[in-house]
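Coordinates from coords_16.txt are shown below (compact mmCIF, C-alpha atoms and all ligand atoms).
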```txt
# COMPACT_ATOMS: atom_id res chain seq x y z
CA MET T 864 72.82 112.78 104.19
CA THR T 865 75.43 110.21 105.19
CA LYS T 866 78.94 111.52 105.45
CA LYS T 867 81.69 109.37 103.94
CA LYS T 868 84.22 108.56 106.65
CA VAL T 869 87.65 109.92 105.63
CA ARG T 870 90.54 107.96 107.01
CA LYS T 871 93.43 110.26 107.78
CA LEU T 872 96.80 109.85 106.20
CA SER T 873 99.49 110.33 108.78
CA ASN T 874 102.90 110.47 107.23
CA SER T 875 105.96 109.04 108.86
CA PRO T 876 106.91 110.82 112.09
CA PHE T 877 110.45 110.94 110.73
CA ARG T 878 112.48 112.29 107.87
CA TYR T 879 114.30 109.29 106.51
CA PRO T 880 117.13 108.81 104.02
CA GLY T 881 116.16 106.33 101.31
CA GLY T 882 112.50 106.58 102.38
CA LYS T 883 109.87 105.52 99.84
CA PHE T 884 107.54 108.49 100.30
CA TYR T 885 107.82 109.62 96.68
CA ALA T 886 107.29 106.08 95.34
CA ARG T 887 104.22 105.24 97.42
CA LYS T 888 101.77 105.85 94.56
CA LEU T 889 103.65 103.29 92.47
CA ILE T 890 104.12 100.77 95.27
CA LEU T 891 100.59 100.65 96.73
CA PRO T 892 98.93 99.35 93.52
CA CYS T 893 101.41 96.45 93.52
CA ILE T 894 100.53 95.29 97.04
CA PRO T 895 98.01 92.43 97.29
CA LYS T 896 95.17 92.58 99.83
CA HIS T 897 96.46 91.23 103.15
CA HIS T 898 95.56 90.76 106.82
CA LYS T 899 99.10 90.38 108.11
CA TYR T 900 101.75 92.94 107.22
CA CYS T 901 105.46 93.05 107.96
CA GLU T 902 108.34 95.37 107.09
CA PRO T 903 111.69 93.82 108.04
CA PHE T 904 113.52 97.14 107.22
CA VAL T 905 111.00 99.73 108.36
CA GLY T 906 113.16 102.89 108.52
CA GLY T 907 110.71 105.80 108.29
CA GLY T 908 107.89 103.40 107.28
CA SER T 909 106.53 105.51 104.38
CA ILE T 910 104.59 102.58 102.92
CA PHE T 911 103.17 101.46 106.26
CA PHE T 912 101.90 105.01 106.87
CA ALA T 913 100.49 105.42 103.35
CA LYS T 914 97.99 102.54 103.65
CA SER T 915 95.45 101.26 106.18
CA ASN T 916 96.65 99.11 109.04
CA ALA T 917 96.29 95.38 108.59
CA LYS T 918 94.92 93.19 111.41
CA VAL T 919 98.48 92.17 112.32
CA ASN T 920 101.36 94.61 111.80
CA ILE T 921 105.00 93.81 112.50
CA LEU T 922 107.63 96.49 111.93
CA ASN T 923 111.30 95.72 112.38
CA ASP T 924 114.59 97.58 112.11
CA LYS T 925 118.04 96.75 113.41
CA ASP T 926 118.56 100.36 114.50
CA SER T 927 117.65 100.26 118.20
CA GLU T 928 117.40 104.07 118.61
CA LEU T 929 114.88 104.24 115.77
CA VAL T 930 112.79 101.38 117.18
CA ASN T 931 112.89 102.88 120.68
CA THR T 932 111.59 106.19 119.28
CA TYR T 933 108.69 104.41 117.56
CA ILE T 934 107.85 102.58 120.80
CA GLN T 935 107.93 105.79 122.88
CA ILE T 936 105.67 107.52 120.32
CA ARG T 937 103.27 104.58 120.50
CA ASP T 938 103.23 104.18 124.28
CA HIS T 939 104.19 107.54 125.84
CA VAL T 940 103.32 110.19 123.29
CA GLU T 941 102.14 112.81 125.81
CA ASP T 942 105.31 112.45 127.91
CA LEU T 943 107.39 112.78 124.76
CA ILE T 944 105.48 115.92 123.73
CA LYS T 945 106.07 117.38 127.22
CA LEU T 946 109.81 116.81 126.92
CA LEU T 947 109.89 118.51 123.52
CA ASP T 948 107.67 121.39 124.62
CA GLY T 949 109.21 124.83 124.14
CA ILE T 950 112.46 123.56 122.61
CA PRO T 951 113.12 125.62 119.48
CA ALA T 952 114.81 124.30 116.35
CA SER T 953 118.24 125.90 116.57
CA LYS T 954 121.72 125.09 115.36
CA GLU T 955 123.13 125.44 118.91
CA LEU T 956 120.60 122.99 120.36
CA HIS T 957 121.17 120.60 117.47
CA ARG T 958 124.86 120.60 118.38
CA TYR T 959 124.04 120.16 122.08
CA TYR T 960 121.70 117.19 121.53
CA LYS T 961 124.10 115.61 119.08
CA LEU T 962 127.29 115.92 121.14
CA ASP T 963 126.70 116.79 124.80
CA TYR T 964 123.30 115.64 126.00
CA SER T 965 123.22 112.28 127.74
CA PRO T 966 119.73 110.83 128.05
CA SER T 967 119.02 108.91 131.24
CA ASN T 968 116.10 106.77 130.06
CA ASP T 969 114.34 105.52 126.91
CA LEU T 970 111.96 108.48 126.78
CA GLU T 971 114.84 110.99 126.84
CA LYS T 972 116.65 108.89 124.23
CA ALA T 973 113.57 109.11 122.00
CA MET T 974 113.27 112.85 122.56
CA ARG T 975 116.90 113.38 121.54
CA TRP T 976 116.55 111.12 118.48
CA PHE T 977 113.31 112.77 117.35
CA TYR T 978 114.69 116.31 117.80
CA LEU T 979 117.85 115.52 115.84
CA ASN T 980 115.95 113.64 113.14
CA ARG T 981 113.56 116.56 112.53
CA THR T 982 116.33 119.15 112.46
CA SER T 983 119.08 117.28 110.57
CA TYR T 984 119.90 117.38 106.90
CA SER T 985 117.74 114.73 105.14
CA GLY T 986 117.08 113.10 108.52
CA ILE T 987 120.50 111.43 108.45
CA MET T 988 121.16 110.19 111.98
CA LYS T 989 124.51 108.50 111.61
CA GLN T 990 126.66 110.54 114.02
CA ALA T 991 129.45 111.29 111.52
CA ASN T 992 126.99 112.63 108.92
CA CYS T 993 124.31 114.15 111.14
CA TYR T 994 124.34 117.87 110.29
CA TRP T 995 121.99 120.74 111.04
CA GLY T 996 119.48 120.92 108.16
CA TYR T 997 116.36 122.69 109.36
CA GLY T 998 114.83 125.51 107.29
CA GLU T 999 112.04 127.74 108.66
CA LYS T 1000 110.29 127.74 105.29
CA TYR T 1001 110.67 124.08 104.42
CA SER T 1002 110.76 122.03 107.61
CA MET T 1003 107.94 120.99 109.88
CA ARG T 1004 107.99 123.55 112.70
CA PRO T 1005 108.30 122.43 116.34
CA GLU T 1006 104.82 123.80 117.15
CA ASN T 1007 103.40 121.27 114.65
CA TRP T 1008 105.30 118.28 116.06
CA PRO T 1009 102.76 117.44 118.83
CA LYS T 1010 99.81 117.13 116.42
CA HIS T 1011 101.85 114.95 114.08
CA LEU T 1012 103.13 112.79 116.94
CA ARG T 1013 99.61 112.23 118.29
CA THR T 1014 98.28 111.11 114.90
CA THR T 1015 101.15 108.73 114.32
CA SER T 1016 100.85 107.39 117.87
CA GLU T 1017 97.28 106.32 117.04
CA ARG T 1018 98.47 104.53 113.91
CA LEU T 1019 101.11 102.67 115.89
CA LYS T 1020 98.80 101.32 118.61
CA SER T 1021 98.30 97.99 116.87
CA VAL T 1022 101.93 97.57 115.78
CA GLN T 1023 104.37 95.05 117.17
CA PHE T 1024 107.93 96.38 116.93
CA LEU T 1025 110.99 94.21 116.66
CA CYS T 1026 114.64 95.20 116.70
CA LEU T 1027 116.33 92.26 115.03
CA ASP T 1028 118.40 91.32 112.05
CA PHE T 1029 116.04 90.80 109.05
CA GLU T 1030 116.90 87.08 108.82
CA GLU T 1031 115.53 86.33 112.27
CA VAL T 1032 112.30 88.18 111.46
CA ILE T 1033 111.74 86.41 108.16
CA GLU T 1034 112.36 83.02 109.75
CA TYR T 1035 110.10 83.93 112.70
CA LEU T 1036 106.97 84.85 110.68
CA ASP T 1037 104.19 82.32 110.36
CA GLN T 1038 102.13 81.71 107.19
CA GLY T 1039 100.13 84.35 105.33
CA PHE T 1040 102.02 87.62 105.76
CA PHE T 1041 102.60 90.23 103.10
CA LEU T 1042 106.12 91.65 103.39
CA PHE T 1043 107.19 95.02 102.03
CA ILE T 1044 110.98 94.77 101.91
CA ASP T 1045 113.11 97.88 101.41
CA PRO T 1046 116.72 97.01 102.24
CA PRO T 1047 119.64 99.45 101.97
CA TYR T 1048 120.58 99.91 98.29
CA PHE T 1049 122.90 97.43 96.64
CA GLY T 1050 125.10 99.93 94.81
CA ALA T 1051 125.06 103.07 96.93
CA ASP T 1052 127.28 103.88 99.86
CA GLN T 1053 124.70 103.19 102.56
CA ASP T 1054 127.18 103.46 105.38
CA LYS T 1055 126.78 107.23 105.11
CA PHE T 1056 123.11 107.08 106.07
CA TYR T 1057 122.30 104.26 108.45
CA SER T 1058 123.66 103.39 111.86
CA CYS T 1059 123.85 99.66 110.96
CA SER T 1060 126.05 98.77 108.04
CA PHE T 1061 124.83 96.38 105.34
CA ASN T 1062 127.35 94.61 103.11
CA LEU T 1063 127.39 92.34 100.07
CA GLU T 1064 127.13 89.29 102.27
CA ASP T 1065 123.91 90.68 103.80
CA HIS T 1066 122.36 91.18 100.34
CA TYR T 1067 123.07 87.52 99.51
CA ARG T 1068 121.77 86.43 102.91
CA LEU T 1069 118.51 88.29 102.27
CA ASN T 1070 118.12 86.63 98.89
CA LYS T 1071 118.68 83.17 100.39
CA VAL T 1072 116.29 83.54 103.32
CA LEU T 1073 113.56 84.88 100.99
CA GLU T 1074 113.96 81.98 98.59
CA LYS T 1075 113.90 79.50 101.46
CA ASN T 1076 110.68 80.98 102.93
CA ALA T 1077 108.94 82.12 99.72
CA ALA T 1078 106.09 79.60 100.01
CA LYS T 1079 105.18 81.01 103.43
CA PHE T 1080 104.29 84.57 102.33
CA LYS T 1081 103.99 87.10 99.50
CA PHE T 1082 106.63 89.78 99.26
CA LEU T 1083 107.55 92.87 97.28
CA ILE T 1084 111.18 93.94 97.46
CA THR T 1085 112.46 97.25 96.06
CA TYR T 1086 116.05 97.51 94.89
CA ASP T 1087 118.29 99.61 92.70
CA ASN T 1088 117.98 98.58 89.07
CA VAL T 1089 121.32 96.83 88.53
CA PRO T 1090 122.14 93.55 86.68
CA GLN T 1091 123.46 91.79 89.82
CA ILE T 1092 120.07 92.18 91.55
CA ARG T 1093 118.09 91.02 88.51
CA GLU T 1094 120.34 87.97 88.32
CA MET T 1095 120.10 87.23 92.04
CA TYR T 1096 116.28 87.37 91.96
CA GLN T 1097 115.74 85.40 88.72
CA TRP T 1098 113.80 82.85 90.74
CA CYS T 1099 111.03 85.38 91.50
CA THR T 1100 107.75 85.75 89.54
CA SER T 1101 107.88 89.45 88.50
CA ILE T 1102 110.69 91.94 88.10
CA GLN T 1103 109.31 95.33 87.11
CA ASP T 1104 111.26 98.50 86.24
CA ASN T 1105 110.01 101.69 87.85
CA GLN T 1106 110.93 105.31 88.04
CA TRP T 1107 109.61 108.33 89.88
CA ASN T 1108 110.51 111.91 90.62
CA TYR T 1109 111.60 113.15 93.99
CA THR T 1110 112.90 116.36 95.45
CA ILE T 1111 115.71 116.82 97.93
CA SER T 1112 117.66 119.65 99.50
CA ARG T 1113 114.73 121.68 100.72
CA THR T 1114 117.19 122.58 103.40
CA ASP T 1115 120.80 123.59 102.84
CA ASP T 1116 122.79 121.33 100.57
CA GLN T 1117 125.69 120.36 102.84
CA LYS T 1118 127.50 118.27 100.29
CA ASN T 1119 127.84 121.05 97.74
CA ASN T 1120 127.99 123.79 100.34
CA ARG T 1121 124.98 125.62 98.87
CA LYS T 1122 122.53 127.46 101.05
CA LEU T 1123 118.88 128.33 100.57
CA ALA T 1124 119.75 131.76 101.92
CA ASP T 1125 121.95 132.18 98.82
CA GLY T 1126 118.96 131.54 96.58
CA TYR T 1127 119.64 127.84 96.08
CA LYS T 1128 116.43 125.88 95.31
CA SER T 1129 115.43 122.25 95.79
CA ASN T 1130 116.66 119.69 93.26
CA ARG T 1131 114.53 117.17 91.42
CA TYR T 1132 115.85 113.66 90.92
CA LYS T 1133 114.65 110.43 89.34
CA GLY T 1134 114.43 107.26 91.40
CA LYS T 1135 115.10 104.22 89.23
CA GLU T 1136 114.40 100.93 90.91
CA VAL T 1137 113.04 97.44 90.37
CA PHE T 1138 110.07 96.00 92.19
CA ILE T 1139 110.54 92.25 92.61
CA THR T 1140 107.70 89.99 93.74
CA ASN T 1141 107.05 86.30 94.29
CA TYR T 1142 103.52 86.76 92.82
CA ASP T 1143 102.31 88.08 89.48
CA ILE T 1144 102.51 91.83 89.98
CA ASN T 1145 100.01 92.44 87.13
CA GLU T 1146 97.34 90.34 88.75
CA VAL T 1147 96.93 92.22 92.01
CA SER T 1148 94.35 94.96 92.48
CA GLY T 1149 96.50 96.86 94.98
CA VAL T 1150 95.67 98.59 98.25
CA GLU T 1151 94.09 102.03 98.58
CA PRO T 1152 96.19 104.99 99.69
CA LEU T 1153 94.80 106.72 102.77
CA ALA T 1154 93.14 110.05 102.07
CA PHE T 1155 95.26 113.15 102.39
CA THR T 1156 94.10 115.68 104.95
CA LYS T 1157 95.65 119.14 105.32
CA GLN T 1158 99.33 118.51 104.73
CA LEU T 1159 101.89 119.74 107.21
CA SER T 1160 105.39 120.10 105.83
CA LEU T 1161 107.02 116.70 105.65
CA PHE T 1162 110.54 117.97 105.92
C1 LIG O 1 116.19 101.86 102.87
S1 LIG O 1 115.94 101.98 104.58
C2 LIG O 1 114.21 101.70 104.73
C3 LIG O 1 113.43 102.92 104.35
C4 LIG O 1 111.92 102.80 104.53
N1 LIG O 1 111.32 101.89 103.59
C5 LIG O 1 111.23 104.15 104.45
O1 LIG O 1 110.32 104.34 103.63
O2 LIG O 1 111.61 105.05 105.21
C6 LIG O 1 116.71 100.53 105.19
C7 LIG O 1 116.62 100.27 106.70
O3 LIG O 1 117.24 99.00 106.97
C8 LIG O 1 117.78 99.03 108.30
N2 LIG O 1 118.75 97.91 108.42
C9 LIG O 1 120.06 97.88 108.06
N3 LIG O 1 120.58 96.66 108.29
C10 LIG O 1 119.57 95.89 108.79
C11 LIG O 1 119.47 94.51 109.18
N4 LIG O 1 120.53 93.69 109.12
N5 LIG O 1 118.28 94.03 109.61
C12 LIG O 1 117.19 94.88 109.70
N6 LIG O 1 117.24 96.19 109.35
C13 LIG O 1 118.40 96.69 108.88
C14 LIG O 1 118.37 100.42 108.40
O4 LIG O 1 118.51 100.82 109.75
C15 LIG O 1 117.35 101.27 107.61
O5 LIG O 1 116.40 101.82 108.49
```

Before anything else, please render the file you have as structure tokens.
Amino acid sequence: MTKKKVRKLSNSPFRYPGGKFYARKLILPCIPKHHKYCEPFVGGGSIFFAKSNAKVNILNDKDSELVNTYIQIRDHVEDLIKLLDGIPASKELHRYYKLDYSPSNDLEKAMRWFYLNRTSYSGIMKQANCYWGYGEKYSMRPENWPKHLRTTSERLKSVQFLCLDFEEVIEYLDQGFFLFIDPPYFGADQDKFYSCSFNLEDHYRLNKVLEKNAAKFKFLITYDNVPQIREMYQWCTSIQDNQWNYTISRTDDQKNNRKLADGYKSNRYKGKEVFITNYDINEVSGVEPLAFTKQLSLF
């Protein structure tokens, strides 16, 4: 009997604000088959991790600490695991790594970033809003980090990382790429979440550089469903409304000062966005999601 080879789904190594994990089942069917793949705003890379690697994979983000952590996971995963070995998830250590620890090389920088990302509320890494947010019952435990890091390291072996402004990346690409583009939201206060700020001018700049290069590649961009965005992207082929459910606050809800210990449960929300493409979104057959294996906690 021949066994069907199951390709393993390895989720993002990170918790990431604004990540598209909960929308992946809606996004993957809208992606055309491709050999060259690029994400100019990779963040936690939920869509990259949900599908098979292409022949060429370029992942970019302007946040240099994030990109360094990806590179260390790809190239030095065992050294990173050694540095993390035996360090428990604790509020005191979270405070120490956030405020007092000074890393002396890129590996130590990655270890600090990874530790804080896994133990912070919603994975928010911007210093001013980076709070303790680990819950024994809901978060991935430190003893499970090595296995997860090793699987993601394998997935990253064929990836080229860039740490540039999106415009440079889009201009730099040659013909034939598929781009999954997930910029910071248009309407929300993104400065709370990300280390690099993104303003109105940047949203217009993105629109212009995509229009200028649209003949070079196919792209899908996800945005909040607001009239200004629909107007800005009128020149595209498809603009499709989408909504999905997602859950947050598996750990303490800092904003409303509610704690799981007080019996507070996770909240369910609805994501309402538009998927905008420069190809007919109804004519693509989509890409397959990778098979789920035993799921470790994502949070
Ligand atoms: C909405 S998040 C991407 C989330 C990602 N799709 C996921 O599933 O986790 C947007 C990302 O854009 C990055 N960013 C902000 N300004 C940028 C710029 N000018 N060029 C490239 N990346 C930028 C942020 O650091 C952040 O990681």

task: For each of T:Pro895, T:Gly906, T:Gly1050, T:Gly998, take the minimum atom-to-atom distance to ligand LIG 1 (chain O), counting only C-alpha atoms and all ligand atoms, then give the residue where this is smallest.
output: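 For ligand LIG 1 (chain O), the nearest of the given residues is T:Gly906.
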
query: Expressed in Å to a single decimal, how great is the separation between CA of Leu929 in chain T and CA of Asp942 in chain T?
result: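 Atom-to-atom, CA of Leu929 in chain T to CA of Asp942 in chain T, that is 17.5 Å.
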
task: List all protein, DNA and RNA residues that have an atom no more than 8 Å from any atom of ligand LIG 1 (chain O), counting all atoms listed in the file, and report them as an NGL selection string.
output: :T and (875 or 878-884 or 902-910 or 923-926 or 929 or 1026-1030 or 1044-1048 or 1057-1061 or 1065)

task: Could you give me, as a ChimeraX atom specification, the residues within 8 Å of Ile921 in chain T, counting all atoms listed in the file and dropping anything in the same chain fewer than 5 positions from it?
output: /T:900-902,1022-1025

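Using all atoms listed in the file, the nearest neighbour of Lys1071 in chain T within the list T:Ile1033, T:Lys1055, T:Gln1103, T:Ala917 is T:Ile1033.
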
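Coordinates place CA of Trp976 in chain T at a distance of 8.0 Å from CA of Met988 in chain T.
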
message: When you count all atoms listed in the file, which of these residues is closest to Met974 in chain T: T:Ala913, T:Leu962, T:Ala991, T:Leu946?
response: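 Once distances to Met974 in chain T are computed over all atoms listed in the file, the minimum belongs to T:Leu946.
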